[in-house]
Every structure is written in structure tokens, then in C-alpha cells.
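A.B. asks: What follows is a single structure, and I will ask about it in a moment.
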Amino acid sequence: MQRITGFIEKRIAPPLIKFSNLKYVQVIQRNGLGIMSLLVIGSLFTLVASFPIPAWLTFLGDFRWTIAAAAGVGTSFIALYTVCTTSYALVEWYNKNRGEKTDIMPPMILAIASYLLLNPIQTVSTVVKGSKTPGVFTGVSTVYMGAMGVFAGIIVGIVTVEIYRFFVNRHLTIKLPSNVPPMVSSAFVALIPSFVVVVFWWLIGSVLKINIPDAIANIFKPLISVSDTPWAMMIATLLNRGLWSVGIHGGNIVGGVLGTFWTQMVAANQAAFAKGISLPYTFTSIFQDVYIMTGMVPLSVALLLTKSKRYRGMGALGIVPAAFNIGEPLIFGLPIMLNPLMMIPFVLSSVVMDIAATLLVMLKWLPVPALSVPWITPAPIKAYLATGGNIWAVVFVLVGWVVTFLIYYPFVASMDKAERTGALKVDSIEGEDDAGAQA
């Protein structure tokens, strides 16, 4: 077991940590945090409008479509949000890590304008609902404003900021006298770099007629297909739990690698769910969050059944946070981290849940969860909400807790016996109390 721990610490963890610390990876991670609240809000509207109880739908009547109008608040324009968050996060990164003092507002607005430049206004002739004669409609196509444009939004945000910085950092700007108000001066500072950026994207989109959003979407389609497989989910699960086992936040590392793909997949699933059509993807971050990472309540219960005062105290201290999916008190307080005995059930229980969920979903005995629910929501409630009110998803989580308890219990009992017989040494009674209090 020590060899496995050492292998993770020396071979797996360092390159993944190095990758997660890369500038653009940190920017992409920041994207997810900025957009997630809108995805959750949109999911709540979708849930209310489509809750699968006939009496409720009858009660809502046509008003359900009014409610559903807000369902796309997080998905319909997620690419545009991504442009905004990417440019903001990148300027923020340079200001914090390189000591730059770039005003965030001009490059952020410039990035949004650049993306709209690549998705120009179009005028079409169409028949408006309720009318018999065709009319003229002018607007921006929404094809690449939603999930299809997420990757393009990231690229446009990054390239725009980098071009803008190139000119500002080399003082290739219009300089005004020092007595000019800062707000006026900053507008002129942004003029030359903004002009260059606009010309750059105009040449690509309007002169060369290169459809950047479509081209980038086609490049990433194979990667998304690979991400939406049971094998990718199993690797993500093993990495998550393996990294946590050595004290590294597995969720952040795995999210940094797969987060962008998962964001697009989740957005596409939620848009399909709102329309009542089949979901295009299965193995998303919501699948992992709902069916695999169901919290550490079973471990807390197993600890409460021990005879050791220390472990019972850990179980009591950990059960409430565990109910809300906060596992750090047990991971670092028990600990599970770098504890060869507890690392086995910690990883094994998630692998079992992954295999079981995958098989049941593929057999169509379990629904694919699509709606975003705050991660702190207790696992059974989260499963119910994320699947649009499916009771079998709740049953799966509860049965999974029983199975997870059975996996943990022999290891907890062995650890409990070792401590009571003196095979597992502790410094003192005070040390035990301190460890419990700290956890």
C-alpha cells in the first residue's frame, strides 16, 4: 500500500498539480465558478416547469411555459458568458500574479464585442407566429451563443486579452497629459489596442470568412465524445479519490482537466431537458456528483458504531458536514489522507458506485441526471432534484450508502480494534482529544 501511495505522490500527483497551476487552466477553472450559479438557477426553473407530477403540470397549465422561459438563463447564452468570464479571469490573473494594473473593464467589453463580431447580425425573411405574411427579422444567430460556442468563447477571450496586453504593456497607446481625469485617460489608452483587436477578428470573420466558432467546435467534438464514456468517468473517479488520498484536492485537479468539456455537456443536456428531448450526453460532472460522490455519511455512521472514544467522536463531528457533502473533517481528521488502511475503502467505494451507476444507466433503469443542484445539497435530495424528481435515483443513493457502509465497516472495525489493543499507538489522551477537536 505504501508503494501505491508513493506512486501517486511521486508520479501521478506532480504532473497533475503542475497542469492545474497553468495560467490558462486556472482561468478556465474560474470560468466554471462564474457560470455555475446561472446553471443552477436555470435548472430550478426547469424543474418547476417540468416536475413530473401530472397534477402539478395541470395546475400550472400554460403558465408552465412562462416559467420555462427562464430555464435557459444559464444555457442559452453560456458562450457569451464564457467570453466575459474568461477575459475577466485572465486579466485578474495577470494583475494578481504578475503585478500588472490593467483595468479589467475595457478588455472584457472588447472580448464580448469580438465574439459578437464573429457572430454578425443577420437579416432574414420569416413568418412570425400568428401572421400569414412574411416579415423581416434582424438579429444575432444563437447557434454559437449556447453550448456549441463555449470553446470558441474561451479562445476569443484569451486571444483578445493577450493582444490587448501586448500593446498596453509596450505603451503602444495614446498618451494624454497627466492633468486629464483617469477615466478619460483610460478610454484613450484602450483605443489603439481595441482597434487592433477589432481589425484582427474582423479580418478573420468578415474578410477571410472563417467561422471560428464552428471550426473550434469541430476540433473539440472528438474530445467531448471521448469524455462522454464510462472509461473517462472511471479514470476521473480514480484520479479524484487517489489525489484526495494523498491530501490533494482531487475535485479541483480533475475539474481543471475535464471542466470545460463537462460545462459544455451539462449546458447541452439542460437545454435538451428543458425541451423534453433525449439528452445528448451521459457521463457529465453531474453524473459523477449525483451518483458517485454521494458523501461520507456511511463512514461517519461506521465510526459511530466503534468502541473507541476517539473514533466515535470523529463520527459525531463528521456526520453533519458529511450530510452536506463536506468530507474534509474525515479526510484530514480521521485521517483518510496517507492512511493506507482507509485509502482502500475510500477509493473502492467510489469505484463500486461508478460501476453500479454506469450499468444501471446504460440499462435505462436509472435516469441520466441533468439539472445542476448546489453541491452542498444532501445526496438523496440532490439525486431527486437533478433527475427531475425520479424516486429511483434516490433509492440508488440510499442503497449506495448501505453498500458503502459495508465496504467501510470492516476497515473501521479493524482500525478500532488496533487502537483499543494498543497496536495503533497514539501519543496521549490529550492528543486524542486535540485530534477530535481539530477535526
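Letters A, B, ... mark the chains of the C-alpha cells in the order given; residue numbers begin at 1 per chain; ligand numbers begin at 1, in order shown.
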Please return as an MDAnalysis selection string: the residues of segment 190-220 of chain A that backbone DSSP assigns to alpha helix (DSSP H).
C.D. replies: chainID A and resid 191:202 212:220
A.B. asks: Taking 5 positions as the minimum chain separation for residues in the same chain, which residues sit within 10 Å of Gln288 of chain A when counting only C-alpha atoms? Answer as a PyMOL selection string.
C.D. replies: chain A and resi 233-234+236-237+283+293-294+350+353-354+357+369
A.B. asks: Give one line per residue of segment 222-301 of chain A that approaches segment 59-81 of chain A to at most 9 Å, naming the two atoms of the closest pair and their distance in Å to one decimal, counting only C-alpha atoms; sort by chain then ascending residue number and deliver it as a Markdown table.
C.D. replies:
| residue | atom | partner | partner_atom | distance |
| --- | --- | --- | --- | --- |
| A:Gln264 | CA | A:Ile78 | CA | 8.6 |
| A:Val266 | CA | A:Thr75 | CA | 8.7 |
| A:Ala267 | CA | A:Thr75 | CA | 5.2 |
| A:Ala268 | CA | A:Thr75 | CA | 7.4 |
| A:Gln270 | CA | A:Thr75 | CA | 7.2 |
| A:Ala271 | CA | A:Thr75 | CA | 6.5 |
| A:Ala274 | CA | A:Ala71 | CA | 6.9 |
A.B. asks: Between A:Leu305, A:Leu118, A:Met415, A:Leu208, which residue has the minimum interatomic distance to Leu334 of chain A, considering only C-alpha atoms?
C.D. replies: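 Distance minimum relative to Leu334 of chain A lands on A:Met415.
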A.B. asks: What's the separation between atom CA of Ile336 of chain A and atom CA of Ser245 of chain A, in Å to one decimal place?
C.D. replies: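 Atom CA of Ser245 of chain A lies 6.3 Å from atom CA of Ile336 of chain A.
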A.B. asks: Check segment 1-177 of chain A with DSSP on the backbone and list each residue it calls strand (DSSP E or B), as a PyMOL selection string.
C.D. replies: chain A and resi 121-126+135-140
A.B. asks: Can I get the selection written as an mmCIF file, in the first residue's frame, with C-alpha atoms?
C.D. replies:
data_model
loop_
_atom_site.group_PDB
_atom_site.id
_atom_site.type_symbol
_atom_site.label_atom_id
_atom_site.label_comp_id
_atom_site.auth_asym_id
_atom_site.auth_seq_id
_atom_site.Cartn_x
_atom_site.Cartn_y
_atom_site.Cartn_z
ATOM 1 C CA ILE A 121 -26.200 40.449 -37.186
ATOM 2 C CA GLN A 122 -28.278 38.794 -39.886
ATOM 3 C CA THR A 123 -31.494 39.866 -41.591
ATOM 4 C CA VAL A 124 -33.876 37.102 -42.627
ATOM 5 C CA SER A 125 -37.368 36.906 -44.056
ATOM 6 C CA THR A 126 -39.679 34.825 -41.924
ATOM 7 C CA GLY A 135 -41.772 39.832 -42.373
ATOM 8 C CA VAL A 136 -38.164 40.854 -41.936
ATOM 9 C CA PHE A 137 -36.309 39.905 -38.765
ATOM 10 C CA THR A 138 -32.881 41.191 -37.826
ATOM 11 C CA GLY A 139 -30.864 39.597 -35.070
ATOM 12 C CA VAL A 140 -27.844 37.571 -33.981
#
A.B. asks: For Ser114 of chain A, which residue out of A:Trp93, A:Trp201, A:Phe151, A:Trp56 is the nearest one, using only C-alpha atoms?
C.D. replies: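 Once distances to Ser114 of chain A are computed over only C-alpha atoms, the minimum belongs to A:Trp201.
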A.B. asks: Taking into account only C-alpha atoms, which residue in the set A:Gly333, A:Val352, A:Ile253, A:Phe405 is nearest to Pro14 of chain A?
C.D. replies: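 Among A:Gly333, A:Val352, A:Ile253, A:Phe405, it is A:Ile253 that comes nearest to Pro14 of chain A.
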A.B. asks: Contacts of Pro380 of chain A at 9 Å or less, counting only C-alpha atoms, minus same-chain residues fewer than 2 places along, as number ranges by chain?
C.D. replies: A: 290, 294, 377-378, 382-385, 393-398
A.B. asks: Which neighbours of Ala113 of chain A fall inside 12 Å, counting only C-alpha atoms, when residues of the same chain fewer than 2 positions from it are skipped, and could you give them as number ranges by chain?
C.D. replies: A: 80, 83-84, 87, 106-111, 115-120, 153, 156-157, 160, 194-195, 197-199, 201-202
A.B. asks: Just to be explicit: take each residue in the selection above, keep N, CA, C and O atoms, and write the result as a compact mmCIF listing (two decimals), in the first residue's frame.
C.D. replies:
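Okay, part31.txt is ready:
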# COMPACT_ATOMS: atom_id res chain seq x y z
N LEU A 80 -21.46 33.33 -24.50
CA LEU A 80 -21.24 34.75 -24.27
C LEU A 80 -20.76 34.99 -22.84
O LEU A 80 -19.87 35.82 -22.60
N VAL A 83 -17.06 34.07 -22.67
CA VAL A 83 -16.19 35.12 -23.17
C VAL A 83 -15.92 36.14 -22.07
O VAL A 83 -14.79 36.56 -21.83
N CYS A 84 -16.98 36.52 -21.39
CA CYS A 84 -16.90 37.52 -20.32
C CYS A 84 -16.03 37.02 -19.17
O CYS A 84 -15.10 37.70 -18.74
N SER A 87 -12.13 36.48 -20.20
CA SER A 87 -11.36 37.72 -20.28
C SER A 87 -11.16 38.34 -18.90
O SER A 87 -10.07 38.81 -18.58
N PRO A 106 -12.21 47.42 -19.92
CA PRO A 106 -12.05 47.55 -21.38
C PRO A 106 -11.79 46.23 -22.10
O PRO A 106 -12.47 45.94 -23.10
N PRO A 107 -10.83 45.39 -21.67
CA PRO A 107 -10.62 44.14 -22.40
C PRO A 107 -11.81 43.17 -22.30
O PRO A 107 -12.05 42.39 -23.22
N MET A 108 -12.55 43.23 -21.20
CA MET A 108 -13.71 42.35 -21.06
C MET A 108 -14.80 42.75 -22.06
O MET A 108 -15.35 41.89 -22.76
N ILE A 109 -15.11 44.02 -22.15
CA ILE A 109 -16.09 44.50 -23.12
C ILE A 109 -15.60 44.24 -24.54
O ILE A 109 -16.37 43.86 -25.44
N LEU A 110 -14.31 44.42 -24.75
CA LEU A 110 -13.72 44.19 -26.08
C LEU A 110 -13.85 42.73 -26.49
O LEU A 110 -14.13 42.43 -27.66
N ALA A 111 -13.67 41.81 -25.55
CA ALA A 111 -13.79 40.38 -25.85
C ALA A 111 -15.23 40.03 -26.24
O ALA A 111 -15.46 39.26 -27.18
N TYR A 115 -16.49 38.63 -29.93
CA TYR A 115 -17.26 37.40 -30.17
C TYR A 115 -18.52 37.71 -30.97
O TYR A 115 -18.91 36.93 -31.86
N LEU A 116 -19.15 38.82 -30.68
CA LEU A 116 -20.34 39.21 -31.45
C LEU A 116 -19.95 39.56 -32.89
O LEU A 116 -20.73 39.34 -33.82
N LEU A 117 -18.73 40.06 -33.09
CA LEU A 117 -18.25 40.35 -34.43
C LEU A 117 -18.12 39.08 -35.25
O LEU A 117 -18.33 39.07 -36.47
N LEU A 118 -17.78 37.98 -34.57
CA LEU A 118 -17.67 36.68 -35.24
C LEU A 118 -19.03 36.03 -35.45
O LEU A 118 -19.14 35.02 -36.14
N ASN A 119 -20.04 36.57 -34.80
CA ASN A 119 -21.42 36.11 -34.97
C ASN A 119 -22.27 37.31 -35.40
O ASN A 119 -23.07 37.82 -34.62
N PRO A 120 -22.10 37.78 -36.62
CA PRO A 120 -22.68 39.07 -37.03
C PRO A 120 -24.20 39.07 -37.09
O PRO A 120 -24.84 38.02 -37.17
N GLY A 153 -15.64 30.71 -27.22
CA GLY A 153 -15.66 31.81 -26.26
C GLY A 153 -14.38 31.90 -25.45
O GLY A 153 -13.86 32.99 -25.19
N VAL A 156 -11.55 33.18 -27.88
CA VAL A 156 -11.70 34.60 -28.18
C VAL A 156 -11.33 35.45 -26.96
O VAL A 156 -10.65 36.47 -27.08
N GLY A 157 -11.77 35.02 -25.77
CA GLY A 157 -11.45 35.76 -24.55
C GLY A 157 -9.95 35.83 -24.30
O GLY A 157 -9.40 36.90 -23.99
N THR A 160 -8.03 37.86 -27.22
CA THR A 160 -8.33 39.29 -27.12
C THR A 160 -7.53 39.94 -26.01
O THR A 160 -6.92 41.01 -26.20
N SER A 194 -7.67 48.28 -28.73
CA SER A 194 -9.03 47.85 -29.07
C SER A 194 -9.23 47.85 -30.58
O SER A 194 -9.84 46.94 -31.14
N PHE A 195 -8.68 48.89 -31.25
CA PHE A 195 -8.80 48.96 -32.70
C PHE A 195 -8.10 47.77 -33.36
O PHE A 195 -8.63 47.15 -34.29
N VAL A 197 -7.50 44.82 -32.05
CA VAL A 197 -8.26 43.60 -31.77
C VAL A 197 -9.46 43.48 -32.69
O VAL A 197 -9.73 42.41 -33.26
N VAL A 198 -10.21 44.56 -32.84
CA VAL A 198 -11.39 44.54 -33.70
C VAL A 198 -11.00 44.23 -35.14
O VAL A 198 -11.64 43.41 -35.82
N VAL A 199 -9.94 44.86 -35.64
CA VAL A 199 -9.48 44.60 -37.00
C VAL A 199 -9.06 43.14 -37.15
O VAL A 199 -9.34 42.50 -38.17
N TRP A 201 -10.12 40.37 -35.51
CA TRP A 201 -11.26 39.46 -35.61
C TRP A 201 -12.11 39.76 -36.84
O TRP A 201 -12.71 38.85 -37.42
N TRP A 202 -12.15 41.03 -37.27
CA TRP A 202 -12.89 41.38 -38.49
C TRP A 202 -12.26 40.72 -39.72
O TRP A 202 -12.96 40.19 -40.58
A.B. asks: Which one of A:Ser227, A:Asn240, A:Gln29, A:Thr133 sits closest to Phe261 of chain A if you count only C-alpha atoms?
C.D. replies: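 Among A:Ser227, A:Asn240, A:Gln29, A:Thr133, it is A:Ser227 that comes nearest to Phe261 of chain A.
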